[in-house]
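A short write-up of the structure that comes next.
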Amino acid sequence: MLVALALVLAACSGSDDAKGSSDGGEKSNTVEIFSWWTGAGEEAGLLALIDAFEKKYPEIKVENAAVAGGAGTNAKAVLATRMQGNDPPSTFQVHGGDELNEGWVAAGKMEPLNDLYEKNGWKDKFPEELIDLVSKDGKIYSVPVNIHRGNVIFYNKKVFEEHNIKEPTTLDEFFAAAEKLKEAGVTPMALGDKNSWPATQIFENTLLSVLGPDDYKKLFEGEIPWDDERVVKAAEKFGKILDYVNEDHSARNWQDSAQLVADGEAAMLNMGDWAKGYFSNDLKMKTNKDFGYFEFPGTKGEFAVITDTFGLPKGIENKKDVKKFLTFLGSTKAQDIFNPLKGSIPARTDADESKYDAYGKEAMKDFKDSRLVPSLAHGSAAAAGFLTKANQAVNIFVTQRDVDTFIKALKAASSEM
């Protein structure tokens with residue numbers, strides 16, 4: 001029922017400007033790739049992937065069925081309609097974790113891919129904690145293509161230098177720096193929560209900072225209650241962080257908030273590291289010169305994973321060709337083609353580091369050495385029903401700052417995890 005309800009809600013959230021094929025991609029020797037990769041870097045990466053695959057397999061035609069708009073919301077709505085109508089694309093983009101496992105896998109819509117992992121020796125190439133994010137009941141259901149990190153704070157180097165601010169490593173140090181910046185007339189933390197997930201991302205990182213990786217996971221596995229005193233403490237600290245954000249946050253998207261940091265009107269931004277690509281590619285800022293970065297205070301040695309993956313839907317006719325495409329996606333060649341253009345890092349741990357910039361190299365090292373935890377805001381840590389209600393609770397809390405009401409709402413929503 002939860003899966004069906006989530007699909008219905010997703011189907012209702014589509015917009016008129018959504019573009020995409022609805023013919024299922026079941027043409028002979030055609031593989032339809034369904035995604036929401038339509039932005040500059042991600043589209044370039046996807047097109048480069050398609051080009052490389054078609055050169056390797058000239059007998060197979062790839063149809064790019066990307067759907068624009070809504071940071072993936074439109075694509076997920078179109079996908080839900082197609083999957084419910086037994087018209088699946090050949091393969092589709094889905095976040096590893098509960099978005100995959102408690103969504104499409106639990107609904108009985110996906111084929112396991114253990115044979116691909118065994119044939120290609122992938123179990124030694126992807127971290128075990130990452131494979132767990134694409135597995136359910138001992139079966140592996142998708143191929144991770146990239147990795148983004150959610151527990152990063154980007155900052156304006158000039159602003160930090162002008163006000164003698166050092167990179168904070170604890171929340172107490174963060175609050176001290178934020179107060180100093182606020183007194184100097186600089187917005188300490190930029191936020192653009194016109195869509196609610198950027199605020200949810202700050203909350204999940206605060207939870208990780210307070211709980212640590214093991215108890216963070218236990219919280220989402222139902223082993224720690226949402227009214228635990230440490231969750232309450234995290235909510236209080238989250239509220240304190242919100243004291244330092246820009247007043248017009250609800251009117252901005254994440255790019256608008258990044259612009260505040262680029263312009264020096266705000267000092268910091270907690271955002272997934274796609275923001276690094278935005279700073280570098282769109283705003284032409286230089287890494288470690290114009291902007292710097294550090295782990296969300298209190299989360300050093302921990303890596304909040306957002307991974308885009310592709311699997312094998314049930315009911316498609318061209319399984320052999322799709323498996324060739326999935327095998328290609330899992331190769332070092334494909335991942336080293338796609339990720340430098342996307343601004344992400346490869347999911348494989350044996351990729352060619354020379355193809356990545358300073359940030360990419362550092363992120364790749366951290367990915368190998370850190371504890372991996374799933375992101376709530378991006379659908380990995382909890383099922384869609386809980387995420388919807390958690391976003392609503394965060395949205396209300398941002399406005400009202402009532403910790404008791406916030407905790408009660410999260411605890412009530414936990415029945416849907």
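Naming scheme: A, B, ... for chains in displayed order of the structure tokens; residues 1 onward per chain; ligands 1 onward as shown.
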As a list of chain:residue names, please: every residue in stretch 223-311 of chain A that a backbone DSSP assignment puts in strand (DSSP E or B). A:Val245, A:Ala266, A:Ala267, A:Met268, A:Leu269, A:Asn270, A:Thr287, A:Phe291, A:Gly292, A:Tyr293, A:Phe294, A:Glu295, A:Glu302, A:Phe303, A:Ala304, A:Val305, A:Ile306, A:Asp308, A:Thr309, A:Phe310, A:Gly311
The selected residues should be written to file as a CSV table (one decimal), in the first residue's frame (atoms: N, CA and C atoms).
chain,number,residue,atom,x,y,z
A,245,VAL,N,20.7,31.8,8.8
A,245,VAL,CA,20.4,31.7,7.3
A,245,VAL,C,19.8,33.0,6.8
A,266,ALA,N,26.9,35.8,1.5
A,266,ALA,CA,26.8,34.7,2.5
A,266,ALA,C,28.2,34.0,2.5
A,267,ALA,N,28.5,33.4,3.7
A,267,ALA,CA,29.8,32.8,3.8
A,267,ALA,C,29.8,31.4,3.4
A,268,MET,N,28.8,30.6,3.8
A,268,MET,CA,28.8,29.2,3.7
A,268,MET,C,27.5,28.6,3.1
A,269,LEU,N,27.6,27.4,2.6
A,269,LEU,CA,26.5,26.7,2.0
A,269,LEU,C,26.7,25.2,2.2
A,270,ASN,N,25.7,24.6,2.9
A,270,ASN,CA,25.7,23.1,3.0
A,270,ASN,C,24.9,22.6,1.8
A,287,THR,N,38.6,26.4,-7.5
A,287,THR,CA,38.6,25.6,-6.3
A,287,THR,C,39.8,25.9,-5.4
A,291,PHE,N,36.7,29.5,-3.6
A,291,PHE,CA,35.9,28.8,-2.7
A,291,PHE,C,36.6,27.6,-2.1
A,292,GLY,N,36.3,27.3,-0.8
A,292,GLY,CA,36.9,26.1,-0.2
A,292,GLY,C,35.7,25.2,0.3
A,293,TYR,N,36.1,24.2,1.0
A,293,TYR,CA,35.1,23.2,1.4
A,293,TYR,C,35.6,22.4,2.7
A,294,PHE,N,34.7,21.9,3.5
A,294,PHE,CA,35.0,21.1,4.6
A,294,PHE,C,33.8,20.2,5.0
A,295,GLU,N,34.1,19.2,5.7
A,295,GLU,CA,33.0,18.3,6.1
A,295,GLU,C,32.1,19.1,7.1
A,302,GLU,N,33.2,10.6,7.8
A,302,GLU,CA,31.9,10.1,7.5
A,302,GLU,C,31.5,10.7,6.1
A,303,PHE,N,30.8,9.9,5.3
A,303,PHE,CA,30.5,10.3,3.9
A,303,PHE,C,29.0,10.0,3.7
A,304,ALA,N,28.2,11.1,3.6
A,304,ALA,CA,26.8,11.0,3.3
A,304,ALA,C,26.6,10.8,1.8
A,305,VAL,N,26.2,9.6,1.4
A,305,VAL,CA,26.3,9.1,0.0
A,305,VAL,C,24.9,9.4,-0.7
A,306,ILE,N,25.1,10.1,-1.9
A,306,ILE,CA,24.0,10.1,-2.8
A,306,ILE,C,24.5,9.4,-4.1
A,308,ASP,N,23.6,7.7,-7.9
A,308,ASP,CA,22.7,7.5,-9.0
A,308,ASP,C,23.0,6.1,-9.6
A,309,THR,N,21.9,5.3,-9.8
A,309,THR,CA,22.1,3.9,-10.2
A,309,THR,C,21.1,3.6,-11.3
A,310,PHE,N,21.4,2.5,-12.0
A,310,PHE,CA,20.5,2.0,-13.1
A,310,PHE,C,20.3,0.5,-12.9
A,311,GLY,N,19.1,0.1,-13.1
A,311,GLY,CA,18.8,-1.3,-12.9
A,311,GLY,C,18.0,-1.9,-14.1
Please identify all polymer residues within 12 Å of A:Asp282, counting only C-alpha atoms, omitting same-chain residues fewer than 2 positions from it, and present them as an mmCIF file with all heavy atoms, in the first residue's frame.
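This went into result-v6.cif:
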data_model
loop_
_atom_site.group_PDB
_atom_site.id
_atom_site.type_symbol
_atom_site.label_atom_id
_atom_site.label_comp_id
_atom_site.auth_asym_id
_atom_site.auth_seq_id
_atom_site.Cartn_x
_atom_site.Cartn_y
_atom_site.Cartn_z
ATOM 1 N N GLY A 39 20.693 18.973 -17.116
ATOM 2 C CA GLY A 39 21.523 20.138 -16.840
ATOM 3 C C GLY A 39 22.830 20.071 -17.612
ATOM 4 O O GLY A 39 23.189 19.018 -18.180
ATOM 5 N N ALA A 40 23.561 21.164 -17.618
ATOM 6 C CA ALA A 40 24.745 21.287 -18.477
ATOM 7 C C ALA A 40 25.754 20.151 -18.289
ATOM 8 O O ALA A 40 26.025 19.390 -19.211
ATOM 9 C CB ALA A 40 25.414 22.638 -18.231
ATOM 10 N N GLY A 41 26.323 20.007 -17.090
ATOM 11 C CA GLY A 41 27.342 18.994 -16.865
ATOM 12 C C GLY A 41 26.810 17.579 -16.947
ATOM 13 O O GLY A 41 27.420 16.701 -17.563
ATOM 14 N N GLN A 255 20.594 26.861 -6.262
ATOM 15 C CA GLN A 255 21.528 27.651 -7.071
ATOM 16 C C GLN A 255 21.519 29.115 -6.629
ATOM 17 O O GLN A 255 22.573 29.760 -6.587
ATOM 18 C CB GLN A 255 21.174 27.558 -8.557
ATOM 19 C CG GLN A 255 21.404 26.188 -9.172
ATOM 20 C CD GLN A 255 20.145 25.359 -9.225
ATOM 21 O OE1 GLN A 255 19.255 25.514 -8.392
ATOM 22 N NE2 GLN A 255 20.058 24.472 -10.201
ATOM 23 N N ALA A 258 23.592 29.360 -3.616
ATOM 24 C CA ALA A 258 25.011 29.280 -3.964
ATOM 25 C C ALA A 258 25.514 30.616 -4.497
ATOM 26 O O ALA A 258 26.664 31.012 -4.241
ATOM 27 C CB ALA A 258 25.235 28.182 -4.998
ATOM 28 N N GLN A 259 24.656 31.332 -5.210
ATOM 29 C CA GLN A 259 25.027 32.634 -5.744
ATOM 30 C C GLN A 259 25.344 33.615 -4.616
ATOM 31 O O GLN A 259 26.244 34.458 -4.736
ATOM 32 C CB GLN A 259 23.912 33.192 -6.620
ATOM 33 C CG GLN A 259 24.267 34.449 -7.388
ATOM 34 C CD GLN A 259 25.284 34.206 -8.484
ATOM 35 O OE1 GLN A 259 25.063 33.372 -9.368
ATOM 36 N NE2 GLN A 259 26.407 34.927 -8.436
ATOM 37 N N ALA A 262 28.830 32.920 -3.675
ATOM 38 C CA ALA A 262 29.737 33.391 -4.732
ATOM 39 C C ALA A 262 29.916 34.903 -4.673
ATOM 40 O O ALA A 262 31.021 35.419 -4.881
ATOM 41 C CB ALA A 262 29.195 32.974 -6.095
ATOM 42 N N TRP A 274 27.442 18.598 -5.975
ATOM 43 C CA TRP A 274 27.100 19.146 -7.286
ATOM 44 C C TRP A 274 27.264 20.674 -7.260
ATOM 45 O O TRP A 274 27.423 21.300 -8.305
ATOM 46 C CB TRP A 274 25.686 18.761 -7.690
ATOM 47 C CG TRP A 274 24.651 18.953 -6.626
ATOM 48 C CD1 TRP A 274 23.945 20.086 -6.356
ATOM 49 C CD2 TRP A 274 24.201 17.979 -5.679
ATOM 50 N NE1 TRP A 274 23.104 19.899 -5.301
ATOM 51 C CE2 TRP A 274 23.232 18.610 -4.863
ATOM 52 C CE3 TRP A 274 24.522 16.649 -5.438
ATOM 53 C CZ2 TRP A 274 22.581 17.944 -3.821
ATOM 54 C CZ3 TRP A 274 23.882 15.984 -4.408
ATOM 55 C CH2 TRP A 274 22.920 16.626 -3.610
ATOM 56 N N ALA A 275 27.247 21.243 -6.045
ATOM 57 C CA ALA A 275 27.489 22.681 -5.919
ATOM 58 C C ALA A 275 28.909 23.029 -6.351
ATOM 59 O O ALA A 275 29.153 24.121 -6.879
ATOM 60 C CB ALA A 275 27.254 23.144 -4.488
ATOM 61 N N LYS A 276 29.842 22.105 -6.149
ATOM 62 C CA LYS A 276 31.206 22.340 -6.606
ATOM 63 C C LYS A 276 31.215 22.514 -8.121
ATOM 64 O O LYS A 276 31.870 23.415 -8.657
ATOM 65 C CB LYS A 276 32.109 21.179 -6.173
ATOM 66 C CG LYS A 276 33.565 21.340 -6.579
ATOM 67 C CD LYS A 276 33.852 20.644 -7.883
ATOM 68 C CE LYS A 276 35.216 21.033 -8.428
ATOM 69 N NZ LYS A 276 35.443 20.544 -9.801
ATOM 70 N N GLY A 277 30.464 21.666 -8.820
ATOM 71 C CA GLY A 277 30.364 21.802 -10.267
ATOM 72 C C GLY A 277 29.730 23.114 -10.671
ATOM 73 O O GLY A 277 30.128 23.742 -11.657
ATOM 74 N N TYR A 278 28.745 23.566 -9.890
ATOM 75 C CA TYR A 278 28.073 24.830 -10.180
ATOM 76 C C TYR A 278 29.036 26.003 -9.986
ATOM 77 O O TYR A 278 29.117 26.903 -10.836
ATOM 78 C CB TYR A 278 26.857 24.985 -9.274
ATOM 79 C CG TYR A 278 26.041 26.236 -9.539
ATOM 80 C CD1 TYR A 278 25.310 26.380 -10.716
ATOM 81 C CD2 TYR A 278 26.011 27.273 -8.615
ATOM 82 C CE1 TYR A 278 24.567 27.529 -10.956
ATOM 83 C CE2 TYR A 278 25.265 28.425 -8.846
ATOM 84 C CZ TYR A 278 24.547 28.546 -10.023
ATOM 85 O OH TYR A 278 23.820 29.684 -10.267
ATOM 86 N N PHE A 279 29.776 25.982 -8.887
ATOM 87 C CA PHE A 279 30.752 27.041 -8.656
ATOM 88 C C PHE A 279 31.817 27.065 -9.762
ATOM 89 O O PHE A 279 32.164 28.123 -10.290
ATOM 90 C CB PHE A 279 31.448 26.850 -7.296
ATOM 91 C CG PHE A 279 30.606 27.215 -6.109
ATOM 92 C CD1 PHE A 279 30.504 26.360 -5.014
ATOM 93 C CD2 PHE A 279 29.926 28.421 -6.065
ATOM 94 C CE1 PHE A 279 29.744 26.694 -3.910
ATOM 95 C CE2 PHE A 279 29.159 28.772 -4.960
ATOM 96 C CZ PHE A 279 29.066 27.905 -3.885
ATOM 97 N N SER A 280 32.336 25.889 -10.112
ATOM 98 C CA SER A 280 33.445 25.813 -11.061
ATOM 99 C C SER A 280 33.006 26.051 -12.497
ATOM 100 O O SER A 280 33.632 26.829 -13.229
ATOM 101 C CB SER A 280 34.127 24.439 -10.961
ATOM 102 O OG SER A 280 34.679 24.240 -9.680
ATOM 103 N N LYS A 284 32.403 29.947 -12.799
ATOM 104 C CA LYS A 284 33.822 30.113 -13.143
ATOM 105 C C LYS A 284 34.688 30.472 -11.936
ATOM 106 O O LYS A 284 35.651 31.238 -12.027
ATOM 107 C CB LYS A 284 33.994 31.184 -14.228
ATOM 108 C CG LYS A 284 33.127 30.976 -15.465
ATOM 109 C CD LYS A 284 33.348 29.613 -16.092
ATOM 110 C CE LYS A 284 32.458 29.404 -17.315
ATOM 111 N NZ LYS A 284 32.576 28.017 -17.873
ATOM 112 N N MET A 285 34.344 29.910 -10.778
ATOM 113 C CA MET A 285 35.145 30.118 -9.576
ATOM 114 C C MET A 285 36.213 29.031 -9.482
ATOM 115 O O MET A 285 36.011 27.903 -9.950
ATOM 116 C CB MET A 285 34.242 30.089 -8.337
ATOM 117 C CG MET A 285 33.199 31.190 -8.319
ATOM 118 S SD MET A 285 32.047 31.028 -6.926
ATOM 119 C CE MET A 285 33.122 31.423 -5.529
ATOM 120 N N LYS A 286 37.325 29.351 -8.876
ATOM 121 C CA LYS A 286 38.429 28.407 -8.783
ATOM 122 C C LYS A 286 38.439 27.713 -7.414
ATOM 123 O O LYS A 286 38.373 28.366 -6.373
ATOM 124 C CB LYS A 286 39.767 29.118 -9.018
ATOM 125 C CG LYS A 286 39.897 29.693 -10.422
ATOM 126 C CD LYS A 286 41.294 30.232 -10.667
ATOM 127 C CE LYS A 286 41.405 30.854 -12.063
ATOM 128 N NZ LYS A 286 41.089 29.881 -13.127
ATOM 129 N N GLY A 343 30.722 16.223 -12.540
ATOM 130 C CA GLY A 343 31.170 16.856 -11.304
ATOM 131 C C GLY A 343 31.097 15.932 -10.111
ATOM 132 O O GLY A 343 31.356 16.337 -8.980
#
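Using only C-alpha atoms, the nearest neighbour of A:Lys194 within the list A:Tyr117, A:Phe328, A:Phe174, A:Trp254 is A:Trp254.
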For stretch 384-393 of chain A, work out the shell of residues within 7 Å, counting only C-alpha atoms and skipping chain neighbours fewer than 4 positions away, then give it as number ranges by chain. A: 2, 6, 99, 196-197, 200, 376, 379, 397, 406, 409-410, 413-414, 416-417
Just to be explicit: take each residue in the selection above, keep all heavy atoms, and write the result as a compact mmCIF listing (two decimals), in the first residue's frame.
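Written output follows (part16.txt):
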# COMPACT_ATOMS: atom_id res chain seq x y z
N LEU A 2 1.95 1.23 0.80
CA LEU A 2 2.80 2.42 0.86
C LEU A 2 3.44 2.70 -0.48
O LEU A 2 3.51 3.84 -0.93
CB LEU A 2 3.90 2.21 1.92
CG LEU A 2 3.42 2.28 3.36
CD1 LEU A 2 4.57 1.92 4.29
CD2 LEU A 2 2.90 3.65 3.68
N ALA A 6 2.84 5.96 -2.74
CA ALA A 6 3.95 6.82 -3.15
C ALA A 6 3.95 7.02 -4.66
O ALA A 6 4.21 8.12 -5.15
CB ALA A 6 5.28 6.20 -2.71
N GLU A 99 14.88 4.53 -1.94
CA GLU A 99 14.17 4.92 -3.16
C GLU A 99 14.11 3.75 -4.13
O GLU A 99 13.10 3.52 -4.79
CB GLU A 99 14.86 6.12 -3.81
CG GLU A 99 14.14 6.65 -5.05
CD GLU A 99 14.80 7.89 -5.62
OE1 GLU A 99 14.97 8.88 -4.86
OE2 GLU A 99 15.14 7.88 -6.82
N SER A 196 11.87 21.82 -0.42
CA SER A 196 12.20 21.61 1.00
C SER A 196 13.47 20.82 1.25
O SER A 196 14.04 20.90 2.34
CB SER A 196 11.02 20.93 1.70
OG SER A 196 10.73 19.68 1.10
N TRP A 197 13.96 20.08 0.26
CA TRP A 197 15.06 19.15 0.54
C TRP A 197 16.37 19.80 1.02
O TRP A 197 17.09 19.17 1.81
CB TRP A 197 15.33 18.24 -0.66
CG TRP A 197 15.77 18.92 -1.92
CD1 TRP A 197 15.00 19.32 -2.96
CD2 TRP A 197 17.11 19.29 -2.28
NE1 TRP A 197 15.75 19.91 -3.94
CE2 TRP A 197 17.05 19.90 -3.55
CE3 TRP A 197 18.35 19.16 -1.63
CZ2 TRP A 197 18.19 20.39 -4.20
CZ3 TRP A 197 19.48 19.65 -2.28
CH2 TRP A 197 19.40 20.25 -3.54
N THR A 200 16.13 19.87 4.68
CA THR A 200 16.19 18.49 5.18
C THR A 200 17.62 17.98 5.16
O THR A 200 18.04 17.24 6.06
CB THR A 200 15.28 17.58 4.34
OG1 THR A 200 13.94 18.07 4.41
CG2 THR A 200 15.31 16.15 4.85
N LEU A 376 18.96 11.04 3.77
CA LEU A 376 17.50 11.10 3.90
C LEU A 376 16.92 11.98 2.80
O LEU A 376 15.99 11.59 2.09
CB LEU A 376 17.10 11.67 5.26
CG LEU A 376 15.61 12.05 5.42
CD1 LEU A 376 14.71 10.84 5.28
CD2 LEU A 376 15.37 12.77 6.74
N GLY A 379 16.48 10.37 -0.67
CA GLY A 379 15.73 9.13 -0.86
C GLY A 379 16.43 7.85 -0.52
O GLY A 379 15.89 6.77 -0.80
N PHE A 397 8.97 23.27 10.72
CA PHE A 397 9.93 23.62 11.76
C PHE A 397 10.75 24.85 11.37
O PHE A 397 11.05 25.71 12.22
CB PHE A 397 10.86 22.44 12.04
CG PHE A 397 11.89 22.72 13.10
CD1 PHE A 397 11.53 22.80 14.44
CD2 PHE A 397 13.23 22.92 12.77
CE1 PHE A 397 12.48 23.07 15.42
CE2 PHE A 397 14.18 23.18 13.73
CZ PHE A 397 13.80 23.26 15.06
N PHE A 406 8.00 19.25 16.14
CA PHE A 406 8.86 18.64 15.12
C PHE A 406 9.15 17.18 15.44
O PHE A 406 8.99 16.29 14.59
CB PHE A 406 10.16 19.45 15.03
CG PHE A 406 11.12 19.02 13.95
CD1 PHE A 406 10.68 18.63 12.69
CD2 PHE A 406 12.49 19.03 14.18
CE1 PHE A 406 11.57 18.26 11.69
CE2 PHE A 406 13.39 18.67 13.19
CZ PHE A 406 12.93 18.28 11.95
N ALA A 409 6.08 14.99 15.04
CA ALA A 409 5.78 14.75 13.64
C ALA A 409 6.70 13.68 13.04
O ALA A 409 6.25 12.80 12.29
CB ALA A 409 5.90 16.05 12.85
N LEU A 410 7.98 13.74 13.39
CA LEU A 410 8.91 12.74 12.89
C LEU A 410 8.62 11.35 13.47
O LEU A 410 8.67 10.34 12.75
CB LEU A 410 10.34 13.14 13.25
CG LEU A 410 10.88 14.39 12.53
CD1 LEU A 410 12.23 14.79 13.13
CD2 LEU A 410 11.03 14.13 11.04
N ALA A 413 5.63 9.97 11.72
CA ALA A 413 5.95 9.57 10.35
C ALA A 413 6.79 8.30 10.30
O ALA A 413 6.79 7.58 9.29
CB ALA A 413 6.73 10.69 9.66
N SER A 414 7.46 7.96 11.41
CA SER A 414 8.35 6.80 11.42
C SER A 414 7.64 5.47 11.20
O SER A 414 8.27 4.47 10.85
CB SER A 414 9.15 6.75 12.72
OG SER A 414 8.30 6.50 13.84
N GLU A 416 6.04 4.83 8.75
CA GLU A 416 6.10 4.59 7.32
C GLU A 416 7.52 4.30 6.83
O GLU A 416 7.77 4.23 5.63
CB GLU A 416 5.54 5.79 6.57
CG GLU A 416 4.09 6.10 6.93
CD GLU A 416 3.45 7.03 5.92
OE1 GLU A 416 3.88 7.07 4.77
OE2 GLU A 416 2.49 7.72 6.31
N MET A 417 8.45 4.12 7.77
CA MET A 417 9.83 3.85 7.37
C MET A 417 9.97 2.40 6.93
O MET A 417 9.28 1.53 7.40
CB MET A 417 10.78 4.15 8.54
CG MET A 417 11.05 5.63 8.69
SD MET A 417 11.96 6.06 10.18
CE MET A 417 13.24 4.86 10.22
Please identify the helix (DSSP H, G or I) residues within stretch 64-104 of chain A (assignment by DSSP from backbone atoms) and present them as a list in words.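 Of stretch 64-104 of chain A, only Gly70, Ala71, Gly72, Thr73, Asn74, Ala75, Lys76, Ala77, Val78, Leu79, Ala80, Thr81, Arg82, Met83, Gln84, Asp98, Glu99, Leu100, Asn101, Glu102, Gly103 and Trp104 of chain A fall in helix (DSSP H, G or I).
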Please dump the current selection as a tab-separated table (two decimals), in the first residue's frame; keep N, CA, C and O atoms.
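What follows is the written file out.tsv:
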chain	number	residue	atom	x	y	z
A	70	GLY	N	12.25	20.25	-12.15
A	70	GLY	CA	11.91	19.84	-10.79
A	70	GLY	C	12.95	19.04	-10.06
A	70	GLY	O	12.64	18.32	-9.12
A	71	ALA	N	14.23	19.11	-10.48
A	71	ALA	CA	15.30	18.36	-9.82
A	71	ALA	C	14.97	16.88	-9.71
A	71	ALA	O	15.25	16.22	-8.72
A	72	GLY	N	14.37	16.34	-10.77
A	72	GLY	CA	14.01	14.93	-10.81
A	72	GLY	C	12.56	14.65	-10.49
A	72	GLY	O	12.06	13.55	-10.76
A	73	THR	N	11.84	15.63	-9.95
A	73	THR	CA	10.44	15.41	-9.58
A	73	THR	C	9.59	15.06	-10.80
A	73	THR	O	8.77	14.13	-10.75
A	74	ASN	N	9.77	15.79	-11.88
A	74	ASN	CA	8.99	15.51	-13.09
A	74	ASN	C	9.29	14.13	-13.65
A	74	ASN	O	8.40	13.39	-14.06
A	75	ALA	N	10.58	13.78	-13.68
A	75	ALA	CA	10.97	12.48	-14.21
A	75	ALA	C	10.38	11.34	-13.37
A	75	ALA	O	9.88	10.35	-13.91
A	76	LYS	N	10.41	11.50	-12.05
A	76	LYS	CA	9.88	10.44	-11.19
A	76	LYS	C	8.37	10.29	-11.37
A	76	LYS	O	7.83	9.18	-11.26
A	77	ALA	N	7.69	11.39	-11.64
A	77	ALA	CA	6.25	11.33	-11.87
A	77	ALA	C	5.94	10.59	-13.17
A	77	ALA	O	5.06	9.73	-13.23
A	78	VAL	N	6.70	10.91	-14.23
A	78	VAL	CA	6.51	10.23	-15.52
A	78	VAL	C	6.84	8.75	-15.38
A	78	VAL	O	6.13	7.87	-15.89
A	79	LEU	N	7.93	8.46	-14.66
A	79	LEU	CA	8.34	7.07	-14.46
A	79	LEU	C	7.26	6.29	-13.72
A	79	LEU	O	6.94	5.15	-14.08
A	80	ALA	N	6.69	6.88	-12.67
A	80	ALA	CA	5.65	6.20	-11.90
A	80	ALA	C	4.47	5.84	-12.79
A	80	ALA	O	3.92	4.73	-12.71
A	81	THR	N	4.07	6.77	-13.64
A	81	THR	CA	2.95	6.51	-14.55
A	81	THR	C	3.27	5.36	-15.50
A	81	THR	O	2.44	4.46	-15.73
A	82	ARG	N	4.47	5.37	-16.03
A	82	ARG	CA	4.85	4.31	-16.97
A	82	ARG	C	4.97	2.96	-16.29
A	82	ARG	O	4.54	1.93	-16.84
A	83	MET	N	5.56	2.93	-15.12
A	83	MET	CA	5.72	1.65	-14.42
A	83	MET	C	4.37	1.07	-14.02
A	83	MET	O	4.14	-0.14	-14.12
A	84	GLN	N	3.46	1.93	-13.57
A	84	GLN	CA	2.12	1.45	-13.23
A	84	GLN	C	1.37	0.97	-14.46
A	84	GLN	O	0.52	0.08	-14.37
A	98	ASP	N	16.65	3.36	-0.10
A	98	ASP	CA	15.22	3.05	-0.02
A	98	ASP	C	14.42	3.49	-1.23
A	98	ASP	O	13.38	2.91	-1.53
A	99	GLU	N	14.88	4.53	-1.94
A	99	GLU	CA	14.17	4.92	-3.16
A	99	GLU	C	14.11	3.75	-4.13
A	99	GLU	O	13.10	3.52	-4.79
A	100	LEU	N	15.20	3.00	-4.21
A	100	LEU	CA	15.24	1.80	-5.03
A	100	LEU	C	14.61	0.61	-4.32
A	100	LEU	O	13.66	0.00	-4.82
A	101	ASN	N	15.12	0.30	-3.11
A	101	ASN	CA	14.78	-0.97	-2.47
A	101	ASN	C	13.36	-1.03	-1.91
A	101	ASN	O	12.68	-2.05	-2.04
A	102	GLU	N	12.93	0.06	-1.26
A	102	GLU	CA	11.58	0.06	-0.69
A	102	GLU	C	10.55	0.64	-1.67
A	102	GLU	O	9.37	0.70	-1.36
A	103	GLY	N	11.05	1.07	-2.82
A	103	GLY	CA	10.16	1.55	-3.87
A	103	GLY	C	9.99	0.48	-4.93
A	103	GLY	O	9.14	-0.40	-4.82
A	104	TRP	N	10.85	0.51	-5.94
A	104	TRP	CA	10.65	-0.36	-7.09
A	104	TRP	C	10.92	-1.84	-6.81
A	104	TRP	O	10.24	-2.71	-7.36
Between atom CA of A:Pro213 and atom CA of A:Thr405, what is the distance, to one decimal in Å?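 Answer for the atom CA of A:Pro213 to atom CA of A:Thr405 separation: 25.4 Å.
The residue that comes closest to A:Trp37, out of A:Ala377, A:Leu181, A:Leu341, A:Ala52 and on the basis of only C-alpha atoms, is A:Leu341.
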Please list as an mmCIF file with N, CA and C atoms, in the first residue's frame every residue within 9 Å of A:Asp273, counting only C-alpha atoms and excluding residues in the same chain fewer than 4 positions away.
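Result went into around.cif, see below:
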data_model
loop_
_atom_site.group_PDB
_atom_site.id
_atom_site.type_symbol
_atom_site.label_atom_id
_atom_site.label_comp_id
_atom_site.auth_asym_id
_atom_site.auth_seq_id
_atom_site.Cartn_x
_atom_site.Cartn_y
_atom_site.Cartn_z
ATOM 1 N N HIS A 148 27.874 11.309 -5.153
ATOM 2 C CA HIS A 148 27.918 12.674 -4.645
ATOM 3 C C HIS A 148 27.959 12.603 -3.126
ATOM 4 N N ARG A 149 28.509 13.626 -2.520
ATOM 5 C CA ARG A 149 28.614 13.692 -1.059
ATOM 6 C C ARG A 149 27.707 14.792 -0.535
ATOM 7 N N GLY A 150 26.906 14.469 0.462
ATOM 8 C CA GLY A 150 25.938 15.430 0.984
ATOM 9 C C GLY A 150 26.397 16.214 2.200
ATOM 10 N N ASN A 151 27.402 15.722 2.917
ATOM 11 C CA ASN A 151 27.825 16.405 4.152
ATOM 12 C C ASN A 151 29.046 17.294 3.909
ATOM 13 N N VAL A 152 28.876 18.218 2.969
ATOM 14 C CA VAL A 152 29.940 19.172 2.648
ATOM 15 C C VAL A 152 29.427 20.585 2.877
ATOM 16 N N ILE A 153 30.272 21.437 3.413
ATOM 17 C CA ILE A 153 29.987 22.870 3.468
ATOM 18 C C ILE A 153 31.000 23.587 2.579
ATOM 19 N N PHE A 154 30.488 24.330 1.612
ATOM 20 C CA PHE A 154 31.322 25.158 0.754
ATOM 21 C C PHE A 154 31.344 26.576 1.316
ATOM 22 N N GLY A 277 30.464 21.666 -8.820
ATOM 23 C CA GLY A 277 30.364 21.802 -10.267
ATOM 24 C C GLY A 277 29.730 23.114 -10.671
ATOM 25 N N TYR A 278 28.745 23.566 -9.890
ATOM 26 C CA TYR A 278 28.073 24.830 -10.180
ATOM 27 C C TYR A 278 29.036 26.003 -9.986
ATOM 28 N N GLY A 343 30.722 16.223 -12.540
ATOM 29 C CA GLY A 343 31.170 16.856 -11.304
ATOM 30 C C GLY A 343 31.097 15.932 -10.111
ATOM 31 N N SER A 344 30.762 14.681 -10.357
ATOM 32 C CA SER A 344 30.701 13.669 -9.305
ATOM 33 C C SER A 344 31.977 12.835 -9.349
#
What gap, in Å, lies between atom CA of A:Val210 and atom CA of A:Lys368?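 So the answer is 22.8 Å.
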Who sits within 8 Å of A:Lys411, only C-alpha atoms, same chain under 4 positions skipped, as a list in words: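 Neighbouring residues, sequence-local ones excluded: Pro225, Trp226, Asp227, Ile407 and Ser415 of chain A.
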